[in-house]
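*Asks:* Here it is, the structure in full.
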Amino acid sequence: MLTFTALGPFQAWADGAPLDLGGQRQRAVLARLLVAGGRAVPVNTLIDELWPGAPPAQALSTIQGYVSRLRRALEPDRAPREEARVLVSAPPGYALRAATEQVDAWRFEALVKSEGDPGRVWAAMDTALELWRGPALAEFGELSWAATEAGRLEELRLIAVERRAGAGLALGRATSLVADLEAHASAYPLREEAWRLLATALYALGRQGDALAALRRARSVWRDELGLDLSAGLQRLEADMLAQRLESPAPDGPPHLPAETPAAGPAVAGPAAAGPAVARSAAAGSAAAGPAGAGSAAASDAAPPLRVVVADDQALVRAGVRAMLEAEPGVTMVGEATNGEEAIALVAETGPDVVLLDIQMPHLDGLAAARRILSETRPPKVIMMTTFGSDENLYAALRAGVSGFILKTSAPEQFLAAIRAASAGDALIDPTITTRLIAGFAGRVDPASPPALAGLADSQLDVLKLVARGLTNRQIGQTLSLSEEEVALMVKSLLEHLGLFDRAQLVMAAYESGFVTPGEKSSFSSL
């Protein structure tokens, strides 16, 4: 039987014996076809991705030679004029024909996405994780398509670890899981599911203090790395533990995995485009039993997903974001655009919750597109993606009402945190950028700036100052002894009074009016 392994050193095997696949670039041809998941890869794409930026003059004939030699290695008994059955011609290129069971990466993905009762999930995840022999496609790591696919498979591996742990907790195996979950949360501290599982396992063992300490560690990491508090799910779990409402601690069901969705484009990899993302699962508000979940978990499942549009002129960026979003429960990508004009039309057509918008695009740049999108009635939240960009443009975008910035090099967890924070209207993103911009441009006189802050009550000014410092509604409420709902209403009244529509514009109003200055220490002792 012919088999292929990519979860570790790349190799093809015939009845357990390794085949000679030739040199590095010839092996890369077969690996790229495996990554395509059975779909055809055009020859031009193979050329561009095997020789990024500088293909040789005879690239086409070289590819044809590689394919011919690979066919002889994979099907040594095939007659000279007989059509290939494994590495087949599929105009305008080639495709790998194999069953799921023949390719470890394909089988792994199918196992990770399998459903069933906790016992079945435990067995499936165990089998999936046993297929790993090392970093996926590591020998092709310098090629962008291989790096993208390796990242996607690594994310699926982490989901498998978490699904196995969730099933294990439902089966009463907390004792054997705590050490592994501790290592998992320490290695991936921005993963919400890692902390939820660790805290739940500790609580199940009667270690309530350790469970709460784990959530405090998560809060500290998230504040330091993301400038965000714990997610609503982890906060509910913490509250339930403090109130001792979890009489029979058990996890929610395993993270829901997206349905397989074919994806186009040369940078998309694998049988289904799923990419780096944080696996999310809300904590149950009362005792939950088994993967079906109950109470708040059922409500979470019923909530509509956040709808996201991505606009960037680089196919690789769009593919990476698409893969990341497709692997994230509760978030769905409703369209992608390659320039500002397309983005505006797509937003009007799909009505998304959040738009990820490259600040520099052809035809109509991201700044102009953001202004037009945000000028509409009930606009979506807009997050600017940037690699560098001028401070002038970034500042202008912030003044226009975007919900912040995210560097394209940011970790997937930061992208997802930015999307969720923006959709909630509760935070500026990437303070390393916004703080520098505010420091450089605060106090600038602008004829379009909002009216003076006269007429605001002291309580409103207190809230405005804390908003400008980047605190969430919950943090402001804790500081001022107000409920989170009261703070939300006061923020809304501030926006109405100043004729603004977005929290980011409130921050700029506070700085531009001189009410808050960069580096100023707050008068609130708890900050």
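By convention here, the chains of the structure tokens are called A, B, ... in the order presented, each chain's residues are numbered starting at 1, and ligands are numbered starting at 1 in the order presented.
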Output as a Markdown table one row per residue of segment 73-165 of chain A within 10 Å of segment 320-339 of chain A: the closest atom pair and its distance in Å to one decimal place, counting only C-alpha atoms, sorted by chain and residue number ascending.
*Replies:*
| residue | atom | partner | partner_atom | distance |
| --- | --- | --- | --- | --- |
| A:Thr148 | CA | A:Gly320 | CA | 7.1 |
| A:Glu149 | CA | A:Gly320 | CA | 9.5 |
| A:Gly151 | CA | A:Gly320 | CA | 9.5 |
| A:Arg152 | CA | A:Ala323 | CA | 7.5 |
| A:Glu155 | CA | A:Ala327 | CA | 8.5 |
| A:Leu156 | CA | A:Ala327 | CA | 8.4 |
| A:Ile159 | CA | A:Ala327 | CA | 9.5 |
*Asks:* Considering only C-alpha atoms, return as a PyMOL selection string whatever protein or nucleic-acid residues lie within 10 Å of Ala28 of chain A, sequence-local ones (same chain, fewer than 6 positions apart) excluded.
*Replies:* chain A and resi 10+21-22+34+46+49-50+66+137+139-140+143+146
*Asks:* Running DSSP on the backbone, which parts of segment 53-224 of chain A land in strand (DSSP E or B), as a list in words?
*Replies:*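 DSSP-assigned strand (DSSP E or B) residues in segment 53-224 of chain A: Leu87, Val88, Ser89, Ala90, Gly93, Tyr94, Ala95, Leu96 and Val103 of chain A.
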*Asks:* Please identify all polymer residues within 7 Å of Val86 of chain A, counting only C-alpha atoms, omitting same-chain residues fewer than 6 positions from it, and present them as a PyMOL selection string.
*Replies:* chain A and resi 96-98
*Asks:* Selected residues, C-alpha atoms, written as an mmCIF file, in the first residue's frame, please.
*Replies:*
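For reference, selection.cif as written:
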data_model
loop_
_atom_site.group_PDB
_atom_site.id
_atom_site.type_symbol
_atom_site.label_atom_id
_atom_site.label_comp_id
_atom_site.auth_asym_id
_atom_site.auth_seq_id
_atom_site.Cartn_x
_atom_site.Cartn_y
_atom_site.Cartn_z
ATOM 1 C CA LEU A 96 -2.278 13.897 -5.862
ATOM 2 C CA ARG A 97 -4.904 11.156 -5.832
ATOM 3 C CA ALA A 98 -4.969 9.242 -2.555
#
